[in-house]
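Chemist: Next up is a structure, given as structure tokens.
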There are 2 protein chains.
Amino acid sequence: MRNFEFFTPTRIMFGKAMEEKAGELAVEYGNKVLLHYGKGHIKKTGLLDKVICSLEAKGVKVFELGGVKPNPEISLVREGIKICRENNIDFILAVGGGSTIDSAKAISIGVPYDGDVWDFYFKGVIPKKALPIGAVLTIPAAGSEMSKVSVITNGSYKVGFASDIIRPKFAILNPELTYTLPKWQTAAGIVDIMAHVMERYFTEEKYVDFSDRMCEGLIESMIKYAPVVMDEPSNYNARAEIMWAGAIAHNGLLGMGRIEDWASHRIEMPLSAIYDLTHGAGLSIIFPAWIRYVAKKKPGPFIKFFTRIFNIDYDFDYPESVIKTGLTMLEDFYKSIGMPVRLQEVEIDDARFEEMAQIVTVKSAQGNLLKLQKEDIIEIYKLALEG
Amino acid sequence: MRNFEFFTPTRIMFGKAMEEKAGELAVEYGNKVLLHYGKGHIKKTGLLDKVICSLEAKGVKVFELGGVKPNPEISLVREGIKICRENNIDFILAVGGGSTIDSAKAISIGVPYDGDVWDFYFKGVIPKKALPIGAVLTIPAAGSEMSKVSVITNGSYKVGFASDIIRPKFAILNPELTYTLPKWQTAAGIVDIMAHVMERYFTEEKYVDFSDRMCEGLIESMIKYAPVVMDEPSNYNARAEIMWAGAIAHNGLLGMGRIEDWASHRIEMPLSAIYDLTHGAGLSIIFPAWIRYVAKKKPGPFIKFFTRIFNIDYDFDYPESVIKTGLTMLEDFYKSIGMPVRLQEVEIDDARFEEMAQIVTVKSAQGNLLKLQKEDIIEIYKLALEG
């Protein structure tokens, strides 16, 4: 086990009607709040009104900035920064999914910074200050509600940035708010949540047994409840398991003491940025391809994973056989919840593999279990096409 | 799953040589530090000097208060409060195990309070302010390093108090610092860590699947590494698994969404307070007795627990049979690491069962899976004597 620092200060308010506490939570940090949200689905459901009502009841002045898209764009972030500066806003409340929270995080570090906010994402500038932010989560997936990560899209670049100073002060998680999520988004969220755990699990680090078991528990729980929510979108308990798992999957806990991988996320990013593919759908295609490629050289972590997750008997004669069986079972699971497992299914061909692999490796090789160069990543895209 | 609030702001610095960061962490909170510790074992090992050196290098003035005993006493807490007030101390650094940290927590709420500190423990007074505290952990067991709980002894009363304001700001966890722990204390710590999980696991709450699995993972990991540390006290990785599990076991995570039980801890408390029995050794006696008693009326959670933890086949004809097998395996595990499972082994007889049961129920019945009155608790003490 490696040395580590663990810090998850986000206060979670979990359960029914918790969004009514938005006002009393936000007022601890300021009286002028930027309410940041997406395309307006939350207007239709009445959530936006409820949150505004809760804020105004506490005497908070509300400024609105909607319009966050999946794969949130730098242009809207810059607009948010401008609004915050012009109005001396002291708190940002994101109402939505990971894109909205990520966008709010970018705004939060951009406001007190003299240069352009993209510097943090692309030039490695380290922010010293941030406006405090909070979140009312509506899509369990990205884990942004507790994480120190924000991913922003700028043209064909989709780049992540991480710092403890952008962790939300609080996050409101009411599973009822996810009842209206379409099947596609529900499933993509589950794939993403599982991927956050898998990125941490697939490591050569030994003696991380307790966190291995927590990882396995989370994935087993998702495999158990995913079919339930696909059939019963308003099953509170199944929605609750997924929402809570989504937060824990990415708050840092499950990666402590080990080197995480994250190649699959990086390899997926150009698919979302260029083809506007849902992140989770990109992951259900890329992750099996990555496993297929990496397991040839480093089979160990995958044998453990599939043995335990799918209760496959360990093969003492030919342990690698477990990987083949396990991969089929993982892909079957993705398919069972309507997720694609090959690029053809989402109508992406090999036309831009070279360019995408170039983007992924522009700063360095990717991954840790196996360091992947541009050529490796092209091979993984090919596997994602053909299997 | 029930509504819940989750808040664990303690920054964990985990790994080798982390105690050298005590100064830079503490100086964030103040320049006058009360260094609180136990019987002086840390003087012999050189840890105390190392911590003082780290503090003084950052210009911190150090005041010392040693002498914390297992089952920490109110008298020393009062002394600590006096020292803090007289010297305008602004931060308390506990170096030791749960007793020392619990004592530091009590001091931290006592200092800014006009009345007597026991009011918080016995009269239900709620503290509004606390000095910030930090911890350098030397005994993984109580989980006080991340928890909101402090347990203080006053005569034959041993009483717990819980509040988010006493959670340590940071905790330094270096597994190497636990190499010199005697076998008895190592084993008692493991029993305590497992008990913190079991108190949360044994509930009637359904649909807490993910947290159930995290609980099971933690206990499986302890059962795996306990024999390793008993044989190899300086095995870093085994010590690390236990130390990290100890923190997570009691920081709140594993009890989210459910009603926890805690009867076994309460029933054990008079054994520690009256007979000065090590808390973990009391738990390895009381917990099986409590299971034996409660499982007669509420077998469900125990069947699940033993089935999963010890891989016992579910008995479709007579599910309760699993409990008998499981209890034997649990007691065998405790015995294998040198822990007692009956009161006779620690030379306690039935002379004070009545008095102890009275103390335990003085304010209310105990437990949640099954509400236990005085008479129930006497029966549990009897089972702890006879099995």
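Starting from 1 in every chain, residues are counted up; chains themselves are A, B, ... following the order of the structure tokens, and ligands are numbered from 1 as listed.
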With only C-alpha atoms considered, list every residue of chain B at most 9 Å from chain A, as a PyMOL selection string.
Modeler: chain B and resi 1-16+18+174+206-222+236-238+240-242+244-245+257
Chemist: Using DSSP on the backbone coordinates, identify all residues within region 11-143 of chain B classified as alpha helix (DSSP H); present the result as a ChimeraX atom specification.
Modeler: /B:22-26,41-44,47-56,74-87,98-110,118-122
Chemist: Which one is closest to Val136 (chain A): A:Ser336, A:Thr178, A:Ser284, A:Thr153? Count only C-alpha atoms.
Modeler: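 Closest to Val136 (chain A), using only C-alpha atoms: A:Thr178.
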Chemist: Give me the residues within 8 Å of region 94-102 of chain A as a PDB file with N, CA and C atoms, in the first residue's frame, counting only C-alpha atoms and dropping any in the same chain fewer than 2 places off.
Modeler:
```pdb
ATOM      1  N   LEU A  35     -27.068  30.461  -9.897  1.00  0.00           N
ATOM      2  CA  LEU A  35     -27.734  29.176 -10.068  1.00  0.00           C
ATOM      3  C   LEU A  35     -27.403  28.689 -11.477  1.00  0.00           C
ATOM      4  N   HIS A  36     -26.683  27.587 -11.544  1.00  0.00           N
ATOM      5  CA  HIS A  36     -26.137  27.125 -12.817  1.00  0.00           C
ATOM      6  C   HIS A  36     -26.825  25.817 -13.173  1.00  0.00           C
ATOM      7  N   TYR A  37     -27.335  25.717 -14.405  1.00  0.00           N
ATOM      8  CA  TYR A  37     -28.055  24.498 -14.778  1.00  0.00           C
ATOM      9  C   TYR A  37     -27.985  24.244 -16.274  1.00  0.00           C
ATOM     10  N   GLY A  38     -28.686  23.198 -16.706  1.00  0.00           N
ATOM     11  CA  GLY A  38     -28.534  22.735 -18.082  1.00  0.00           C
ATOM     12  C   GLY A  38     -29.598  23.235 -19.030  1.00  0.00           C
ATOM     13  N   ILE A  42     -35.041  20.696 -15.710  1.00  0.00           N
ATOM     14  CA  ILE A  42     -35.390  20.963 -14.305  1.00  0.00           C
ATOM     15  C   ILE A  42     -36.445  22.069 -14.168  1.00  0.00           C
ATOM     16  N   LEU A  48     -36.303  23.474 -10.446  1.00  0.00           N
ATOM     17  CA  LEU A  48     -35.666  24.797 -10.436  1.00  0.00           C
ATOM     18  C   LEU A  48     -36.449  25.765  -9.547  1.00  0.00           C
ATOM     19  N   VAL A  68     -26.029  24.682 -19.800  1.00  0.00           N
ATOM     20  CA  VAL A  68     -24.889  23.758 -19.814  1.00  0.00           C
ATOM     21  C   VAL A  68     -25.255  22.546 -20.663  1.00  0.00           C
ATOM     22  N   LYS A  69     -24.339  22.168 -21.560  1.00  0.00           N
ATOM     23  CA  LYS A  69     -24.559  20.977 -22.394  1.00  0.00           C
ATOM     24  C   LYS A  69     -23.733  19.811 -21.869  1.00  0.00           C
ATOM     25  N   PRO A  70     -24.124  18.566 -22.242  1.00  0.00           N
ATOM     26  CA  PRO A  70     -23.220  17.445 -21.964  1.00  0.00           C
ATOM     27  C   PRO A  70     -21.873  17.774 -22.612  1.00  0.00           C
ATOM     28  N   ASN A  71     -20.774  17.374 -21.998  1.00  0.00           N
ATOM     29  CA  ASN A  71     -19.453  17.840 -22.417  1.00  0.00           C
ATOM     30  C   ASN A  71     -19.420  19.373 -22.371  1.00  0.00           C
ATOM     31  N   PRO A  72     -19.447  19.926 -21.175  1.00  0.00           N
ATOM     32  CA  PRO A  72     -19.656  21.366 -20.985  1.00  0.00           C
ATOM     33  C   PRO A  72     -18.534  22.198 -21.594  1.00  0.00           C
ATOM     34  N   ILE A  92     -21.783  29.528  -5.877  1.00  0.00           N
ATOM     35  CA  ILE A  92     -22.364  28.954  -7.098  1.00  0.00           C
ATOM     36  C   ILE A  92     -23.088  27.668  -6.722  1.00  0.00           C
ATOM     37  N   ALA A 104     -19.665  24.525 -13.150  1.00  0.00           N
ATOM     38  CA  ALA A 104     -19.653  25.394 -11.960  1.00  0.00           C
ATOM     39  C   ALA A 104     -18.261  25.421 -11.323  1.00  0.00           C
ATOM     40  N   LYS A 105     -17.603  24.264 -11.291  1.00  0.00           N
ATOM     41  CA  LYS A 105     -16.253  24.201 -10.723  1.00  0.00           C
ATOM     42  C   LYS A 105     -15.294  25.085 -11.525  1.00  0.00           C
ATOM     43  N   ALA A 106     -15.429  25.030 -12.849  1.00  0.00           N
ATOM     44  CA  ALA A 106     -14.556  25.845 -13.705  1.00  0.00           C
ATOM     45  C   ALA A 106     -14.804  27.331 -13.456  1.00  0.00           C
ATOM     46  N   ILE A 133     -18.734  26.281  -3.941  1.00  0.00           N
ATOM     47  CA  ILE A 133     -19.860  25.797  -4.744  1.00  0.00           C
ATOM     48  C   ILE A 133     -20.631  24.697  -4.004  1.00  0.00           C
ATOM     49  N   GLY A 134     -21.869  24.509  -4.413  1.00  0.00           N
ATOM     50  CA  GLY A 134     -22.707  23.429  -3.905  1.00  0.00           C
ATOM     51  C   GLY A 134     -23.394  22.774  -5.089  1.00  0.00           C
ATOM     52  N   ALA A 135     -24.060  21.647  -4.842  1.00  0.00           N
ATOM     53  CA  ALA A 135     -24.687  20.934  -5.951  1.00  0.00           C
ATOM     54  C   ALA A 135     -26.009  20.289  -5.529  1.00  0.00           C
ATOM     55  N   VAL A 136     -26.973  20.372  -6.430  1.00  0.00           N
ATOM     56  CA  VAL A 136     -28.179  19.541  -6.312  1.00  0.00           C
ATOM     57  C   VAL A 136     -28.106  18.584  -7.489  1.00  0.00           C
ATOM     58  N   LEU A 137     -27.869  17.312  -7.189  1.00  0.00           N
ATOM     59  CA  LEU A 137     -27.571  16.339  -8.242  1.00  0.00           C
ATOM     60  C   LEU A 137     -28.846  15.767  -8.861  1.00  0.00           C
ATOM     61  N   THR A 138     -28.865  15.695 -10.180  1.00  0.00           N
ATOM     62  CA  THR A 138     -30.025  15.085 -10.848  1.00  0.00           C
ATOM     63  C   THR A 138     -29.641  13.864 -11.695  1.00  0.00           C
ATOM     64  N   ILE A 139     -28.340  13.683 -11.934  1.00  0.00           N
ATOM     65  CA  ILE A 139     -27.891  12.531 -12.741  1.00  0.00           C
ATOM     66  C   ILE A 139     -26.729  11.845 -12.032  1.00  0.00           C
ATOM     67  N   PRO A 140     -26.939  10.645 -11.497  1.00  0.00           N
ATOM     68  CA  PRO A 140     -25.820   9.948 -10.875  1.00  0.00           C
ATOM     69  C   PRO A 140     -24.949   9.349 -11.974  1.00  0.00           C
ATOM     70  N   ALA A 141     -23.711   9.798 -12.064  1.00  0.00           N
ATOM     71  CA  ALA A 141     -22.835   9.314 -13.126  1.00  0.00           C
ATOM     72  C   ALA A 141     -21.411   9.794 -12.899  1.00  0.00           C
ATOM     73  N   ALA A 142     -21.203  11.080 -13.106  1.00  0.00           N
ATOM     74  CA  ALA A 142     -19.845  11.627 -13.130  1.00  0.00           C
ATOM     75  C   ALA A 142     -19.177  11.643 -11.765  1.00  0.00           C
ATOM     76  N   GLY A 143     -19.963  11.638 -10.704  1.00  0.00           N
ATOM     77  CA  GLY A 143     -19.375  11.690  -9.373  1.00  0.00           C
ATOM     78  C   GLY A 143     -18.823  13.054  -9.025  1.00  0.00           C
ATOM     79  N   SER A 144     -19.128  14.040  -9.828  1.00  0.00           N
ATOM     80  CA  SER A 144     -18.577  15.383  -9.620  1.00  0.00           C
ATOM     81  C   SER A 144     -19.043  16.000  -8.301  1.00  0.00           C
ATOM     82  N   GLU A 145     -20.164  15.490  -7.776  1.00  0.00           N
ATOM     83  CA  GLU A 145     -20.736  16.052  -6.546  1.00  0.00           C
ATOM     84  C   GLU A 145     -19.820  15.929  -5.334  1.00  0.00           C
ATOM     85  N   VAL A 149     -12.568  16.786  -9.355  1.00  0.00           N
ATOM     86  CA  VAL A 149     -12.298  16.821 -10.791  1.00  0.00           C
ATOM     87  C   VAL A 149     -13.343  17.664 -11.531  1.00  0.00           C
ATOM     88  N   SER A 150     -12.898  18.318 -12.571  1.00  0.00           N
ATOM     89  CA  SER A 150     -13.791  19.029 -13.496  1.00  0.00           C
ATOM     90  C   SER A 150     -13.262  18.769 -14.900  1.00  0.00           C
ATOM     91  N   VAL A 151     -14.161  18.413 -15.809  1.00  0.00           N
ATOM     92  CA  VAL A 151     -13.761  18.153 -17.196  1.00  0.00           C
ATOM     93  C   VAL A 151     -14.483  19.148 -18.100  1.00  0.00           C
ATOM     94  N   ILE A 152     -13.714  19.885 -18.881  1.00  0.00           N
ATOM     95  CA  ILE A 152     -14.286  20.936 -19.738  1.00  0.00           C
ATOM     96  C   ILE A 152     -13.860  20.683 -21.192  1.00  0.00           C
TER      97      ILE A 152
END
```
Chemist: Find the spatial neighbours of Arg352 (chain A), counting only C-alpha atoms, within a cut-off of 12 Å - ignore same-chain residues fewer than 4 positions away - and output them as a list in words.
Modeler: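 So, after excluding close chain neighbours, the residues are Ser156, Pro270, Leu271, Ile274, Tyr275, Ile348, Met356, Ala357, Gln358, Ile359, Ile378, Tyr381 and Lys382 of chain A.
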Chemist: One number please: CA of Ala249 (chain A) to CA of Gln366 (chain A), in Å, one decimal.
Modeler: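 Distance reported for this atom pair: 21.1 Å.
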